[in-house]
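For reference, query.cif is printed below; it contains mmCIF, C-alpha atoms.
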data_structure
loop_
_atom_site.label_atom_id
_atom_site.label_comp_id
_atom_site.auth_asym_id
_atom_site.auth_seq_id
_atom_site.Cartn_x
_atom_site.Cartn_y
_atom_site.Cartn_z
CA MET A 196 59.97 129.98 41.14
CA ASP A 197 62.14 131.08 44.06
CA ASN A 198 61.65 130.57 47.81
CA LEU A 199 59.37 127.58 47.45
CA SER A 200 61.25 125.34 49.84
CA GLU A 201 59.14 126.21 52.92
CA MET A 202 55.88 125.52 51.09
CA LEU A 203 57.27 122.38 49.52
CA LYS A 204 58.33 120.83 52.81
CA GLY A 205 54.94 119.29 53.46
CA ILE A 206 54.30 118.03 49.97
CA LEU A 207 57.67 116.97 48.63
CA GLU A 208 57.15 113.39 49.72
CA GLY A 209 53.91 113.26 47.72
CA ILE A 210 55.62 114.75 44.66
CA VAL A 211 58.43 112.21 44.83
CA LEU A 212 55.98 109.34 45.35
CA GLU A 213 54.14 110.47 42.23
CA ILE A 214 57.41 110.57 40.24
CA ILE A 215 58.33 107.07 41.43
CA SER A 216 54.84 105.78 40.62
CA ARG A 217 55.46 106.56 36.94
CA GLY A 218 58.13 103.90 36.63
CA GLU A 219 61.45 102.57 37.92
CA ILE A 220 63.81 105.41 38.73
CA TYR A 221 67.06 105.99 40.69
CA GLY A 222 67.96 108.66 43.23
CA TYR A 223 69.57 111.46 41.31
CA GLU A 224 67.21 110.90 38.39
CA ILE A 225 64.41 112.01 40.72
CA THR A 226 66.29 115.22 41.53
CA LYS A 227 66.73 115.91 37.81
CA LYS A 228 63.03 115.29 37.23
CA LEU A 229 62.19 117.75 39.99
CA HIS A 230 64.47 120.34 38.44
CA ALA A 231 62.92 119.74 35.03
CA LEU A 232 59.49 120.29 36.60
CA GLY A 233 60.66 123.70 37.74
CA PHE A 234 61.48 122.86 41.36
CA GLN A 235 65.00 124.24 41.09
CA GLY A 236 65.27 125.36 44.70
CA ILE A 237 65.12 121.89 46.20
CA ALA A 238 68.43 121.02 47.79
CA GLU A 239 70.10 117.84 46.58
CA ALA A 240 70.41 116.63 50.13
CA THR A 241 66.64 116.84 50.61
CA VAL A 242 65.96 114.19 47.99
CA TYR A 243 68.65 111.86 49.34
CA ALA A 244 67.22 112.18 52.86
CA LEU A 245 63.69 111.70 51.58
CA LEU A 246 64.60 108.49 49.77
CA LEU A 247 66.13 107.06 52.93
CA ARG A 248 62.88 107.88 54.72
CA LEU A 249 60.70 106.29 52.04
CA GLU A 250 62.80 103.16 52.30
CA LYS A 251 62.66 103.15 56.10
CA ASN A 252 58.88 103.58 56.02
CA LYS A 253 58.64 100.70 53.54
CA LEU A 254 56.87 102.69 50.86
CA VAL A 255 59.14 101.61 48.00
CA HIS A 256 60.34 98.47 46.37
CA ILE A 257 64.06 98.46 45.59
CA THR A 258 65.94 96.73 42.82
CA LYS A 259 69.73 96.86 42.86
CA LYS A 260 71.65 97.02 39.59
CA PRO A 261 75.40 97.21 38.99
CA SER A 262 76.90 100.68 38.53
CA ASP A 263 80.20 101.94 37.13
CA MET A 264 81.00 103.62 40.46
CA GLY A 265 81.31 100.35 42.37
CA PRO A 266 78.36 99.94 44.72
CA PRO A 267 75.08 98.72 43.22
CA ARG A 268 72.60 101.39 42.21
CA LYS A 269 69.14 101.34 43.77
CA PHE A 270 66.13 101.68 41.51
CA TYR A 271 62.86 102.58 43.18
CA THR A 272 59.27 101.58 42.40
CA LEU A 273 56.23 102.02 44.60
CA ASN A 274 54.93 99.06 46.54
CA GLU A 275 51.32 98.64 47.65
CA ARG A 276 51.84 100.72 50.76
CA GLY A 277 53.50 103.43 48.67
CA PHE A 278 50.51 103.59 46.34
CA GLU A 279 48.18 103.86 49.32
CA GLU A 280 50.28 106.71 50.72
CA LEU A 281 50.24 108.42 47.33
CA ALA A 282 46.44 108.10 47.10
CA ALA A 283 46.15 109.59 50.59
CA PHE A 284 48.44 112.44 49.56
CA TRP A 285 46.32 113.30 46.51
CA ALA A 286 43.11 113.14 48.57
CA LYS A 287 44.60 115.63 51.03
CA TRP A 288 45.86 117.76 48.19
CA ASP A 289 42.44 117.85 46.50
CA PHE A 290 40.80 118.88 49.73
CA LEU A 291 43.39 121.56 50.40
CA SER A 292 43.46 122.98 46.88
CA GLU A 293 39.67 123.11 46.74
CA ARG A 294 39.55 125.02 50.02
CA ILE A 295 42.29 127.38 48.94
CA HIS A 296 40.54 127.96 45.62
CA LEU A 297 37.30 128.76 47.42
CA LEU A 298 39.11 131.12 49.71
CA ARG A 299 40.74 132.85 46.81
CA THR A 300 37.61 133.19 44.67
CA ASN A 301 35.01 134.25 47.20
CA GLY A 302 36.87 134.59 50.46
CA GLY A 303 35.49 131.27 51.74
CA GLU A 304 31.94 132.66 52.04
CA ASN A 305 29.09 130.08 52.27
CA ASN A 306 31.58 127.29 52.77
CA VAL A 307 32.12 127.02 56.45
CA MET B 865 85.11 109.16 35.18
CA PHE B 866 86.66 110.30 38.48
CA SER B 867 90.28 110.04 39.51
CA HIS B 868 91.19 107.42 42.13
CA GLU B 869 91.91 110.18 44.63
CA MET B 870 88.51 111.76 44.04
CA LYS B 871 86.74 108.42 44.46
CA GLU B 872 88.42 108.08 47.85
CA LYS B 873 87.34 111.59 48.81
CA ILE B 874 83.75 110.84 47.87
CA LYS B 875 83.83 107.61 49.86
CA GLN B 876 85.25 109.41 52.87
CA PHE B 877 82.60 112.13 52.69
CA ALA B 878 79.82 109.54 52.38
CA LYS B 879 81.22 107.62 55.33
CA GLU B 880 81.14 110.76 57.46
CA GLN B 881 77.77 112.15 56.41
CA ALA B 882 75.52 109.18 55.61
CA PRO B 883 75.11 108.13 59.29
CA TYR B 884 73.57 111.51 60.13
CA TYR B 885 70.96 111.15 57.39
CA LEU B 886 70.32 107.57 58.38
CA GLU B 887 69.85 108.57 61.99
CA GLU B 888 67.38 111.26 60.96
CA ALA B 889 65.44 108.84 58.75
CA GLU B 890 65.34 106.33 61.60
CA MET B 891 64.25 109.04 63.99
CA THR B 892 61.24 109.84 61.80
CA TYR B 893 60.40 106.17 61.66
CA MET B 894 60.96 105.80 65.39
CA GLU B 895 58.80 108.85 66.11
CA LYS B 896 55.86 107.10 64.45
CA LEU B 897 56.48 103.94 66.45
CA ARG B 898 56.97 105.90 69.63
CA ARG B 899 53.68 107.71 69.17
CA ARG B 900 51.99 104.37 68.71
CA THR B 901 53.57 102.63 71.68
CA GLY B 902 54.26 105.55 73.99
CA GLU B 903 57.83 104.39 74.64
CA THR B 904 60.89 106.61 74.70
CA LYS B 905 63.22 106.75 71.73
CA SER B 906 66.13 105.24 73.61
CA LYS B 907 64.09 102.20 74.61
CA LEU B 908 62.85 101.66 71.07
CA MET B 909 66.30 102.11 69.59
CA ALA B 910 67.67 99.55 72.02
CA LYS B 911 64.96 97.08 71.03
CA LEU B 912 65.47 97.71 67.35
CA ALA B 913 69.22 97.27 67.63
CA LYS B 914 68.72 93.69 68.72
CA PHE B 915 66.84 92.74 65.59
CA LYS B 916 68.75 94.34 62.74
CA SER B 917 72.22 94.63 61.44
CA ARG B 918 73.28 98.23 61.84
CA SER B 919 76.40 97.86 59.78
CA GLU B 920 74.52 96.60 56.75
CA THR B 921 72.03 99.47 56.86
CA ALA B 922 74.79 102.01 57.37
CA MET B 923 76.80 100.55 54.50
CA GLU B 924 73.78 100.82 52.18
CA ALA B 925 73.17 104.45 53.13
CA GLU B 926 76.85 105.13 52.50
CA ASN B 927 76.74 103.49 49.07
CA ASP B 928 73.58 105.40 48.20
CA MET B 929 75.33 108.62 49.03
CA ILE B 930 78.43 107.72 47.00
CA LEU B 931 76.28 107.16 43.92
CA TYR B 932 74.06 110.15 44.53
CA MET B 933 77.06 112.43 45.02
CA SER B 934 78.82 111.02 41.96
CA ASP B 935 75.73 111.59 39.79
CA TYR B 936 75.44 115.14 41.08
CA MET B 937 79.13 115.79 40.43
CA LYS B 938 78.88 114.39 36.91
CA ASP B 939 75.95 116.73 36.31
CA LEU B 940 77.97 119.70 37.56
CA MET B 941 80.98 118.73 35.46
CA GLU B 942 78.79 118.58 32.38
CA GLN B 943 77.86 122.16 33.19
CA GLY B 944 81.56 123.10 33.03
CA LEU B 945 82.87 122.72 36.57
CA SER B 946 86.17 120.98 37.22
CA GLU B 947 86.27 117.74 39.20
CA GLN B 948 87.49 119.56 42.32
CA GLU B 949 84.94 122.37 41.98
CA ALA B 950 82.15 119.84 41.50
CA PHE B 951 83.30 117.98 44.62
CA GLU B 952 83.39 121.17 46.69
CA ARG B 953 79.89 122.15 45.53
CA ALA B 954 78.47 118.67 46.13
CA LYS B 955 80.12 118.55 49.54
CA GLU B 956 78.53 121.84 50.49
CA GLU B 957 75.08 120.79 49.25
CA LEU B 958 75.09 117.32 50.77
CA LYS B 959 76.54 118.18 54.15
CA PHE B 960 74.07 117.24 56.87
CA ARG B 961 72.54 120.35 58.41
CA SER B 962 69.43 119.34 60.30
CA GLU B 963 69.35 120.33 63.93
CA THR B 964 66.15 118.45 64.62
CA THR B 965 67.90 115.25 65.65
CA LYS B 966 70.22 116.99 68.06
CA SER B 967 67.54 119.17 69.62
CA ALA B 968 65.14 116.23 69.93
CA ASP B 969 67.85 114.21 71.64
CA LEU B 970 68.58 117.02 74.05
CA GLN B 971 64.89 117.43 74.81
CA GLU B 972 64.59 113.72 75.44
CA ARG B 973 67.57 113.74 77.79
CA ILE B 974 66.03 116.61 79.78
CA VAL B 975 62.68 114.83 79.96
CA ALA B 976 64.41 111.59 81.02
CA HIS B 977 66.36 113.45 83.72
CA TYR B 978 63.23 114.90 85.29
CA HIS B 979 61.34 111.67 84.73
CA HIS B 980 63.89 109.71 86.73
CA MET B 981 64.44 112.36 89.39
CA ASP B 982 62.47 111.33 92.46
CA ILE B 983 60.76 114.13 94.36
CA ALA B 984 61.84 112.40 97.61
CA ASP B 985 65.47 113.08 96.61
CA TYR B 986 64.78 116.80 96.49
CA GLU B 987 63.07 116.67 99.87
CA ALA B 988 65.93 114.70 101.41
CA VAL B 989 68.53 117.15 100.09
CA GLY B 990 66.58 120.13 101.50
CA LEU B 991 66.13 118.49 104.89
CA PHE B 992 69.82 117.55 105.11
CA TYR B 993 70.85 121.15 104.37
CA GLY B 994 68.39 122.54 106.92
CA ALA B 995 69.32 120.03 109.61
CA PHE B 996 73.08 120.45 109.23
CA VAL B 997 72.88 124.24 109.16
CA PHE B 998 70.73 124.34 112.32
CA LEU B 999 72.98 121.86 114.09
CA GLY B 1000 76.11 123.71 112.95
CA ILE B 1001 74.86 127.10 114.12
CA SER B 1002 73.63 125.74 117.45
CA ILE B 1003 76.78 123.78 118.26
CA GLY B 1004 79.07 126.60 117.02
CA ALA B 1005 77.24 129.24 119.01
CA LEU B 1006 77.15 127.05 122.15
CA VAL B 1007 80.86 126.25 121.94
CA GLY B 1008 81.62 129.97 121.39
CA PHE B 1009 79.34 130.95 124.28
CA ILE B 1010 80.77 128.47 126.75
CA GLY B 1011 84.35 128.91 125.53
CA SER B 1012 84.19 132.69 126.01
CA GLY B 1013 83.23 132.32 129.64
CA GLY B 1014 79.48 131.93 129.70
CA TRP B 1015 76.84 134.52 130.47
CA GLU B 1016 79.10 136.74 132.62
CA MET B 1017 81.54 137.33 129.82
CA PHE B 1018 78.91 137.41 127.06
CA LEU B 1019 77.94 141.07 127.48
CA SER B 1020 81.51 142.25 128.02
CA GLY B 1021 82.96 141.05 124.70
CA GLY B 1022 82.26 137.33 124.84
CA TRP B 1023 79.40 137.70 122.36
CA ILE B 1024 81.94 138.00 119.54
CA ARG B 1025 83.15 134.43 120.16
CA THR B 1026 79.55 133.21 120.21
CA LEU B 1027 78.99 134.97 116.87
CA ILE B 1028 82.17 133.52 115.37
CA GLY B 1029 81.12 130.08 116.63
CA ALA B 1030 77.70 130.48 115.00
CA ILE B 1031 79.27 131.55 111.66
CA VAL B 1032 81.74 128.65 111.70
CA GLY B 1033 78.86 126.32 112.60
CA PHE B 1034 76.83 127.66 109.70
CA LEU B 1035 79.74 127.02 107.29
CA ILE B 1036 80.29 123.49 108.62
CA GLY B 1037 76.55 122.80 108.36
CA THR B 1038 76.46 123.99 104.75
CA GLY B 1039 79.51 121.85 103.97
CA LEU B 1040 77.85 118.76 105.43
CA GLY B 1041 74.69 119.61 103.46
CA LEU B 1042 76.74 119.67 100.26
CA LEU B 1043 78.31 116.34 101.16
CA SER B 1044 74.93 114.71 101.72
CA ASN B 1045 73.73 116.14 98.38
CA ALA B 1046 76.74 114.60 96.62
CA ILE B 1047 76.10 111.22 98.28
CA ILE B 1048 72.45 111.25 97.11
CA VAL B 1049 73.47 112.14 93.54
CA LEU B 1050 76.08 109.37 93.44
CA LYS B 1051 73.65 106.80 94.85
CA ARG B 1052 71.04 107.72 92.23
CA LYS B 1053 73.60 107.39 89.46
CA LYS B 1054 74.29 103.72 90.31
#

So, in terms of structure tokens, how does the structure I just supplied come out?
Amino acid sequence: MDNLSEMLKGILEGIVLEIISRGEIYGYEITKKLHALGFQGIAEATVYALLLRLEKNKLVHITKKPSDMGPPRKFYTLNERGFEELAAFWAKWDFLSERIHLLRTNGGENNV
Amino acid sequence: MFSHEMKEKIKQFAKEQAPYYLEEAEMTYMEKLRRRTGETKSKLMAKLAKFKSRSETAMEAENDMILYMSDYMKDLMEQGLSEQEAFERAKEELKFRSETTKSADLQERIVAHYHHMDIADYEAVGLFYGAFVFLGISIGALVGFIGSGGWEMFLSGGWIRTLIGAIVGFLIGTGLGLLSNAIIVLKRKK
């Protein structure tokens, strides 16, 4: 779907955390996963920047493995803090999607 | 997979661009800290700089970008693009664009400027201007008045010298006001 980038801004971190939670993965592999999921509009730079942020915020565990390009390749897994952040993301998502669903089905009546 | 020349180009690009991304990632991290502690970004950055090796972090971000860009280029080449075309596309996509860092920095500088600007400085500058202008006009007019021949000559053409004296006095007063302003600014800068 086109023009999703604005809506995705707030939730991309959660999506990437969920992808990482499924098993060890490296940077560009995450981008490919996102594309395979149908998020074609996400700029490559966004994922690179997001990974730097996850690392800075200490949400991921990193394992370095040799690569054919020279520098070691980083493989990401979630650490405890990352899992907590992911759980918080899904809790927010559930709340939001429920509210949006209510709004869509009956205009939010009786649910103030 | 890539030619030696292309590897160098990728390295060069990563060296140029990775610091911007790193700075932005650090900014986000710093923002959280700043909110918690209430300190300004510059103070926190200065503190942080003491405890970590910048070069190591920067080198890692650079290496990450080299690999990320290479993977992306390989992907593009598998889709049929030449090495050069893939590089140009990747370069375009991975070029740092965010303005948030720059605008936040500018905002912080403005806030810092007004934060450090003492209200007494403004008052002093205003009083200096006022005082010098009044003194200048008074002395200029008096010199013109006396020099033209006093009260007797004032009504028969001497008033023009008094007026010229007042104007010159006003200009000298303004000039001295500007000088005092400059002195205050330089003192505050130290």

For Ile220 (chain A), which residue among A:Phe290, A:Phe278, A:Phe270, A:Tyr243 is the nearest when counting only C-alpha atoms? A:Phe270

Tell me which protein, DNA and RNA residues are within 10 Å of Arg248 (chain A), counting all atoms listed in the file, leaving out same-chain ones fewer than 6 positions away, and put them as number ranges by chain. A: 208, 242, 254-255; B: 885-886, 888-893

Find the residues in chain B near chain A: any atom within 12 Å counts, using only C-alpha atoms. Write them as a PDB file with C-alpha atoms, in the frame of the given file.
ATOM      1  CA  MET B 865      85.110 109.160  35.180  1.00  0.00           C
ATOM      2  CA  PHE B 866      86.660 110.300  38.480  1.00  0.00           C
ATOM      3  CA  SER B 867      90.280 110.040  39.510  1.00  0.00           C
ATOM      4  CA  HIS B 868      91.190 107.420  42.130  1.00  0.00           C
ATOM      5  CA  MET B 870      88.510 111.760  44.040  1.00  0.00           C
ATOM      6  CA  LYS B 871      86.740 108.420  44.460  1.00  0.00           C
ATOM      7  CA  GLU B 872      88.420 108.080  47.850  1.00  0.00           C
ATOM      8  CA  ILE B 874      83.750 110.840  47.870  1.00  0.00           C
ATOM      9  CA  LYS B 875      83.830 107.610  49.860  1.00  0.00           C
ATOM     10  CA  ALA B 878      79.820 109.540  52.380  1.00  0.00           C
ATOM     11  CA  GLN B 881      77.770 112.150  56.410  1.00  0.00           C
ATOM     12  CA  ALA B 882      75.520 109.180  55.610  1.00  0.00           C
ATOM     13  CA  PRO B 883      75.110 108.130  59.290  1.00  0.00           C
ATOM     14  CA  TYR B 884      73.570 111.510  60.130  1.00  0.00           C
ATOM     15  CA  TYR B 885      70.960 111.150  57.390  1.00  0.00           C
ATOM     16  CA  LEU B 886      70.320 107.570  58.380  1.00  0.00           C
ATOM     17  CA  GLU B 887      69.850 108.570  61.990  1.00  0.00           C
ATOM     18  CA  GLU B 888      67.380 111.260  60.960  1.00  0.00           C
ATOM     19  CA  ALA B 889      65.440 108.840  58.750  1.00  0.00           C
ATOM     20  CA  GLU B 890      65.340 106.330  61.600  1.00  0.00           C
ATOM     21  CA  MET B 891      64.250 109.040  63.990  1.00  0.00           C
ATOM     22  CA  THR B 892      61.240 109.840  61.800  1.00  0.00           C
ATOM     23  CA  TYR B 893      60.400 106.170  61.660  1.00  0.00           C
ATOM     24  CA  MET B 894      60.960 105.800  65.390  1.00  0.00           C
ATOM     25  CA  GLU B 895      58.800 108.850  66.110  1.00  0.00           C
ATOM     26  CA  LYS B 896      55.860 107.100  64.450  1.00  0.00           C
ATOM     27  CA  LEU B 897      56.480 103.940  66.450  1.00  0.00           C
ATOM     28  CA  THR B 921      72.030  99.470  56.860  1.00  0.00           C
ATOM     29  CA  ALA B 922      74.790 102.010  57.370  1.00  0.00           C
ATOM     30  CA  MET B 923      76.800 100.550  54.500  1.00  0.00           C
ATOM     31  CA  GLU B 924      73.780 100.820  52.180  1.00  0.00           C
ATOM     32  CA  ALA B 925      73.170 104.450  53.130  1.00  0.00           C
ATOM     33  CA  GLU B 926      76.850 105.130  52.500  1.00  0.00           C
ATOM     34  CA  ASN B 927      76.740 103.490  49.070  1.00  0.00           C
ATOM     35  CA  ASP B 928      73.580 105.400  48.200  1.00  0.00           C
ATOM     36  CA  MET B 929      75.330 108.620  49.030  1.00  0.00           C
ATOM     37  CA  ILE B 930      78.430 107.720  47.000  1.00  0.00           C
ATOM     38  CA  LEU B 931      76.280 107.160  43.920  1.00  0.00           C
ATOM     39  CA  TYR B 932      74.060 110.150  44.530  1.00  0.00           C
ATOM     40  CA  MET B 933      77.060 112.430  45.020  1.00  0.00           C
ATOM     41  CA  SER B 934      78.820 111.020  41.960  1.00  0.00           C
ATOM     42  CA  ASP B 935      75.730 111.590  39.790  1.00  0.00           C
ATOM     43  CA  TYR B 936      75.440 115.140  41.080  1.00  0.00           C
ATOM     44  CA  MET B 937      79.130 115.790  40.430  1.00  0.00           C
ATOM     45  CA  LYS B 938      78.880 114.390  36.910  1.00  0.00           C
ATOM     46  CA  ASP B 939      75.950 116.730  36.310  1.00  0.00           C
ATOM     47  CA  LEU B 940      77.970 119.700  37.560  1.00  0.00           C
ATOM     48  CA  ARG B 953      79.890 122.150  45.530  1.00  0.00           C
ATOM     49  CA  ALA B 954      78.470 118.670  46.130  1.00  0.00           C
ATOM     50  CA  LYS B 955      80.120 118.550  49.540  1.00  0.00           C
ATOM     51  CA  GLU B 956      78.530 121.840  50.490  1.00  0.00           C
ATOM     52  CA  GLU B 957      75.080 120.790  49.250  1.00  0.00           C
ATOM     53  CA  LEU B 958      75.090 117.320  50.770  1.00  0.00           C
ATOM     54  CA  LYS B 959      76.540 118.180  54.150  1.00  0.00           C
ATOM     55  CA  PHE B 960      74.070 117.240  56.870  1.00  0.00           C
ATOM     56  CA  ARG B 961      72.540 120.350  58.410  1.00  0.00           C
ATOM     57  CA  SER B 962      69.430 119.340  60.300  1.00  0.00           C
TER      58      SER B 962
END

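When CA of Lys259 (chain A) is paired with CA of Lys873 (chain B), their separation reads 23.7 Å.
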
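For the atom pair formed by CA of His296 (chain A) and CA of Ala283 (chain A), the distance is 19.8 Å, given to one decimal.
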
On this structure, which residues satisfy the PyMOL selection byres ((chain B and resi 998) around 12), written as a list in words? Leu991, Phe992, Tyr993, Gly994, Ala995, Phe996, Val997, Leu999, Gly1000, Ile1001, Ser1002, Ile1003, Gly1004, Ala1005, Ala1030, Ile1031, Val1032, Gly1033, Phe1034, Leu1035, Ile1036, Gly1037, Thr1038, Leu1040 and Gly1041 of chain B

Which polymer residues, protein or nucleic acid, are no farther than 10 Å from (55.3, 111.1, 43.1), counting all atoms listed in the file, as a PyMOL selection string? chain A and resi 206-217+225+273+277-278+281+284-285

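Between CA of Ala286 (chain A) and CA of Gly205 (chain A) lies a distance of 14.2 Å.
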
Kindly list the centre and edge lengths in Å, rounded to one decimal, for the axis-aligned box that covers all listed atoms of region 873-876 of chain B plus 6 Å on each of its six sides, as JSON.
{"center_x": 85.5, "center_y": 109.6, "center_z": 50.4, "size_x": 15.6, "size_y": 16.0, "size_z": 17.0}

Please export region 232-244 of chain A as a PDB file, in the first residue's frame, restricted to N, CA, C and O atoms.
ATOM      1  N   LEU A 232       6.690  -8.165   3.876  1.00  0.00           N
ATOM      2  CA  LEU A 232       5.419  -8.014   4.601  1.00  0.00           C
ATOM      3  C   LEU A 232       4.481  -7.015   3.896  1.00  0.00           C
ATOM      4  O   LEU A 232       3.350  -6.828   4.316  1.00  0.00           O
ATOM      5  N   GLY A 233       5.004  -6.366   2.886  1.00  0.00           N
ATOM      6  CA  GLY A 233       4.184  -5.417   2.134  1.00  0.00           C
ATOM      7  C   GLY A 233       4.506  -3.959   2.438  1.00  0.00           C
ATOM      8  O   GLY A 233       3.905  -3.054   1.870  1.00  0.00           O
ATOM      9  N   PHE A 234       5.452  -3.724   3.343  1.00  0.00           N
ATOM     10  CA  PHE A 234       5.841  -2.345   3.659  1.00  0.00           C
ATOM     11  C   PHE A 234       6.930  -1.887   2.679  1.00  0.00           C
ATOM     12  O   PHE A 234       8.083  -1.678   3.055  1.00  0.00           O
ATOM     13  N   GLN A 235       6.522  -1.714   1.440  1.00  0.00           N
ATOM     14  CA  GLN A 235       7.498  -1.376   0.385  1.00  0.00           C
ATOM     15  C   GLN A 235       7.983   0.064   0.481  1.00  0.00           C
ATOM     16  O   GLN A 235       9.082   0.378   0.069  1.00  0.00           O
ATOM     17  N   GLY A 236       7.134   0.926   1.022  1.00  0.00           N
ATOM     18  CA  GLY A 236       7.447   2.358   1.005  1.00  0.00           C
ATOM     19  C   GLY A 236       8.477   2.793   2.040  1.00  0.00           C
ATOM     20  O   GLY A 236       8.869   3.952   2.057  1.00  0.00           O
ATOM     21  N   ILE A 237       8.899   1.880   2.888  1.00  0.00           N
ATOM     22  CA  ILE A 237       9.842   2.294   3.939  1.00  0.00           C
ATOM     23  C   ILE A 237      11.225   2.519   3.341  1.00  0.00           C
ATOM     24  O   ILE A 237      11.779   1.632   2.682  1.00  0.00           O
ATOM     25  N   ALA A 238      11.759   3.684   3.580  1.00  0.00           N
ATOM     26  CA  ALA A 238      13.079   4.007   3.019  1.00  0.00           C
ATOM     27  C   ALA A 238      14.155   3.169   3.699  1.00  0.00           C
ATOM     28  O   ALA A 238      14.068   2.908   4.900  1.00  0.00           O
ATOM     29  N   GLU A 239      15.144   2.787   2.922  1.00  0.00           N
ATOM     30  CA  GLU A 239      16.240   1.965   3.458  1.00  0.00           C
ATOM     31  C   GLU A 239      16.939   2.668   4.623  1.00  0.00           C
ATOM     32  O   GLU A 239      17.315   2.038   5.601  1.00  0.00           O
ATOM     33  N   ALA A 240      17.058   3.974   4.474  1.00  0.00           N
ATOM     34  CA  ALA A 240      17.751   4.737   5.517  1.00  0.00           C
ATOM     35  C   ALA A 240      17.014   4.679   6.853  1.00  0.00           C
ATOM     36  O   ALA A 240      17.630   4.738   7.912  1.00  0.00           O
ATOM     37  N   THR A 241      15.693   4.554   6.797  1.00  0.00           N
ATOM     38  CA  THR A 241      14.895   4.540   8.023  1.00  0.00           C
ATOM     39  C   THR A 241      15.269   3.362   8.908  1.00  0.00           C
ATOM     40  O   THR A 241      15.392   3.494  10.128  1.00  0.00           O
ATOM     41  N   VAL A 242      15.464   2.205   8.281  1.00  0.00           N
ATOM     42  CA  VAL A 242      15.783   1.004   9.062  1.00  0.00           C
ATOM     43  C   VAL A 242      17.189   1.115   9.656  1.00  0.00           C
ATOM     44  O   VAL A 242      17.400   0.777  10.825  1.00  0.00           O
ATOM     45  N   TYR A 243      18.116   1.618   8.862  1.00  0.00           N
ATOM     46  CA  TYR A 243      19.490   1.793   9.366  1.00  0.00           C
ATOM     47  C   TYR A 243      19.483   2.718  10.589  1.00  0.00           C
ATOM     48  O   TYR A 243      20.081   2.408  11.623  1.00  0.00           O
ATOM     49  N   ALA A 244      18.770   3.841  10.458  1.00  0.00           N
ATOM     50  CA  ALA A 244      18.708   4.813  11.561  1.00  0.00           C
ATOM     51  C   ALA A 244      18.018   4.205  12.779  1.00  0.00           C
ATOM     52  O   ALA A 244      18.447   4.426  13.917  1.00  0.00           O
TER      53      ALA A 244
END
